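See below for the structure under consideration.
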Amino acid sequence: MGGVNTAERDRAPKQDRSRATRQRLLEAAVACLAEHGWAGSTVSVVAERAGVSRGAAQHHFPTREDLFTAAVEYVAEERSTALRALFPEGAGADRRAVVSALVGLYTGPLFRAALHLWVAASDEEQLRPRVTELEARVGRESHRIAVELLGADESRPGVRETVQGLLDMARGLGLATLLTDDRARRERVVAQWAALLDDALG
């Protein structure tokens, strides 16, 4: 009996260490993608940054594609969680604040990391279907959160397209930020979109 309890006690810390290692690898993969792009982000580089052996990294993620697809999925989940946390009351939050938060999702290092993965997926046959599927899911989730936070009624004509246009605009600002970080211009665009949404959504 005592042996079973000891084994259970040993197993729990081992599982905790395994989860912690996986988390470090995902965070390191995101940072590497954002800083070095796909070409400079190998499993060895990520493992070194995470402070784990290459073998340990491959235990969690057998292939490079496994690692980076999981990393971007992790980023997507973190973005959704962060956005929800900004507006715990949900619909009814100030629309300018919601637009600013949505734009923020596309103008930080997490978006930069995802973008590098998309570029790689356009050339990597093995990676493309996995990233395409993941991006479609992330897009649906982002749209759903935006609708909820903006209090948008998609049964009204044009509302769905208006919300989609907002997300496309936010992505465009994110792409522009890769080259120049023009915060003043971005704030003016955010203010204008908030005004447009107030007219379009009522």
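By order of appearance in the structure tokens: chains A, B, ..., then residues from 1 within every chain, and ligands from 1 in the order shown.
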Quiz prompt | Distance query region 185-198 of chain A at most 7 Å, only C-alpha atoms, self and fewer than 4 positions along chain excluded, as a list in words | solution =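 These residues fall inside the cut-off: Arg95, Arg96, Val99, Ser100 and Gly202 of chain A.
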Quiz item: Which neighbours of Arg22 (chain A) fall inside 10 Å, counting only C-alpha atoms, when residues of the same chain fewer than 5 positions from it are skipped, and could you give them as a ChimeraX atom specification?
Solution: /A:16-17,27-28,50,52,56-57,59-61,67,71
Atoms to include: N, CA, C and O atoms. Write the selected residues as a compact mmCIF listing (two decimals), in the first residue's frame.
```txt
# COMPACT_ATOMS: atom_id res chain seq x y z
N ASP A 16 4.47 17.48 -13.10
CA ASP A 16 4.61 18.93 -12.99
C ASP A 16 5.86 19.41 -13.72
O ASP A 16 5.83 20.42 -14.42
N ARG A 17 6.97 18.67 -13.55
CA ARG A 17 8.22 19.05 -14.23
C ARG A 17 8.05 18.94 -15.74
O ARG A 17 8.55 19.78 -16.49
N GLU A 27 7.29 28.77 -24.87
CA GLU A 27 7.63 30.19 -24.72
C GLU A 27 8.93 30.52 -25.47
O GLU A 27 9.03 31.58 -26.11
N ALA A 28 9.90 29.63 -25.39
CA ALA A 28 11.16 29.84 -26.10
C ALA A 28 10.96 29.80 -27.60
O ALA A 28 11.56 30.59 -28.35
N ALA A 50 15.44 27.48 -23.85
CA ALA A 50 14.56 27.00 -22.78
C ALA A 50 15.33 26.37 -21.63
O ALA A 50 14.75 26.09 -20.58
N VAL A 52 16.83 23.36 -21.75
CA VAL A 52 16.63 21.90 -21.71
C VAL A 52 17.46 21.25 -22.82
O VAL A 52 17.91 21.92 -23.75
N ALA A 56 15.26 16.19 -24.62
CA ALA A 56 14.05 16.50 -23.85
C ALA A 56 13.05 17.25 -24.72
O ALA A 56 11.84 16.99 -24.66
N ALA A 57 13.57 18.14 -25.57
CA ALA A 57 12.69 18.89 -26.46
C ALA A 57 11.99 17.94 -27.43
O ALA A 57 10.78 18.05 -27.67
N HIS A 59 11.41 14.83 -26.99
CA HIS A 59 10.48 13.97 -26.27
C HIS A 59 9.08 14.61 -26.28
O HIS A 59 8.07 13.93 -26.48
N HIS A 60 9.04 15.92 -26.07
CA HIS A 60 7.76 16.64 -26.05
C HIS A 60 7.24 16.92 -27.45
O HIS A 60 6.04 16.87 -27.70
N PHE A 61 8.15 17.26 -28.36
CA PHE A 61 7.77 17.63 -29.74
C PHE A 61 8.70 16.91 -30.70
O PHE A 61 9.81 17.36 -30.96
N LEU A 67 6.61 21.31 -32.80
CA LEU A 67 6.98 22.34 -31.82
C LEU A 67 6.37 23.69 -32.18
O LEU A 67 5.74 24.33 -31.34
N ALA A 71 3.42 25.91 -30.54
CA ALA A 71 3.78 27.22 -30.00
C ALA A 71 2.78 28.28 -30.45
O ALA A 71 2.35 29.11 -29.65
```
Quiz item: So, counting only C-alpha atoms, which residue among A:Arg183, A:Arg19, A:Arg64, A:Arg54 is closest to Ala120 (chain A)?
Solution: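 Under the stated criterion, the closest residue is A:Arg64.
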Exercise. Check the DSSP output for the backbone and give back, as a ChimeraX atom specification, the residues of region 19-110 of chain A in helix (DSSP H, G or I).
Key: /A:19-36,43-50,54-60,64-86,95-105,109-110
Quiz prompt | Nearest to Ala20 (chain A), chosen from A:Gly51, A:Gly139, A:Gly174, A:Pro157, with only C-alpha atoms counted in the distances | solution = A:Gly51
When you look at Pro109 (chain A) with a cut-off of 10 Å (counting only C-alpha atoms), what residues show up, excluding the ones that are within fewer than 5 positions of it in the same chain? I need them as a CSV table (one decimal) with C-alpha atoms, in the first residue's frame.
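Wrote it out as result-v2.csv, contents follow:
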```csv
chain,number,residue,atom,x,y,z
A,30,VAL,CA,7.6,31.9,-29.7
A,31,ALA,CA,10.5,34.2,-28.7
A,33,LEU,CA,10.3,32.9,-34.0
A,34,ALA,CA,9.7,36.6,-33.2
A,35,GLU,CA,13.4,37.4,-33.0
A,114,ALA,CA,2.7,33.8,-35.8
A,115,LEU,CA,3.5,35.7,-39.0
A,174,GLY,CA,0.1,44.5,-37.3
A,178,LEU,CA,6.7,45.0,-38.4
```
Quiz item: Quick one: of A:Leu149, A:Ala121, A:Leu127, A:Val43, who's nearest to Phe87 (chain A), counting only C-alpha atoms?
Solution: A:Leu149
Quiz prompt | Interatomic distance, CA of Leu25 (chain A) to CA of Tyr106 (chain A) (Å, one decimal) | solution = 22.5 Å
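Closest approach to Gly104 (chain A) from the set A:Arg79, A:Arg128, A:His36, A:Arg144 is made by A:Arg79, with distances taken over only C-alpha atoms.
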Quiz prompt | d(CA of Asp153 (chain A), CA of Asp199 (chain A)) in Å | solution =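 For CA of Asp153 (chain A) relative to CA of Asp199 (chain A), the distance reads 13.1 Å.
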Quiz item: Distance CA of Asp94 (chain A)-CA of Val159 (chain A), one decimal place?
Solution: 17.9 Å
Exercise. Would you mind telling me which residue in A:Cys32, A:Ala76, A:Ala136, A:Ala146 lies nearest to His116 (chain A) when using only C-alpha atoms?
Key: A:Cys32
Self-check item: Nearby residues (only C-alpha atoms) at most 10 Å from Gly158 (chain A), same-chain spacing under 5 positions excluded, as a PyMOL selection string
Solution: chain A and resi 153+163-164+200-201
Exercise. Could you give me, as JSON, numbers by chain, the residues within 10 Å of Leu175 (chain A), counting only C-alpha atoms and dropping anything in the same chain fewer than 3 positions from it?
Key: {"A": [106, 107, 111, 112, 115, 169, 170, 171, 172, 178, 179, 180]}
Filtering to C-alpha atoms, could you give me those residues as an mmCIF file, in the first residue's frame?
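Output file result_10.cif follows:
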```cif
data_model
loop_
_atom_site.group_PDB
_atom_site.id
_atom_site.type_symbol
_atom_site.label_atom_id
_atom_site.label_comp_id
_atom_site.auth_asym_id
_atom_site.auth_seq_id
_atom_site.Cartn_x
_atom_site.Cartn_y
_atom_site.Cartn_z
ATOM 1 C CA TYR A 106 -1.833 42.024 -33.880
ATOM 2 C CA THR A 107 0.902 44.524 -33.019
ATOM 3 C CA PHE A 111 1.711 38.273 -33.798
ATOM 4 C CA ARG A 112 5.240 38.606 -35.172
ATOM 5 C CA LEU A 115 3.519 35.714 -38.975
ATOM 6 C CA MET A 169 -7.718 46.204 -40.401
ATOM 7 C CA ALA A 170 -6.095 45.138 -37.116
ATOM 8 C CA ARG A 171 -4.044 42.531 -38.970
ATOM 9 C CA GLY A 172 -2.983 45.160 -41.504
ATOM 10 C CA LEU A 178 6.725 45.046 -38.449
ATOM 11 C CA LEU A 179 8.452 47.808 -40.409
ATOM 12 C CA THR A 180 7.665 50.987 -38.475
#
```
Quiz item: Between A:Gly55, A:Leu102, A:Val147, A:Pro129, which is the closest to Arg160 (chain A) once you count only C-alpha atoms?
Solution: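 Selected residue with least distance to Arg160 (chain A): A:Val147.
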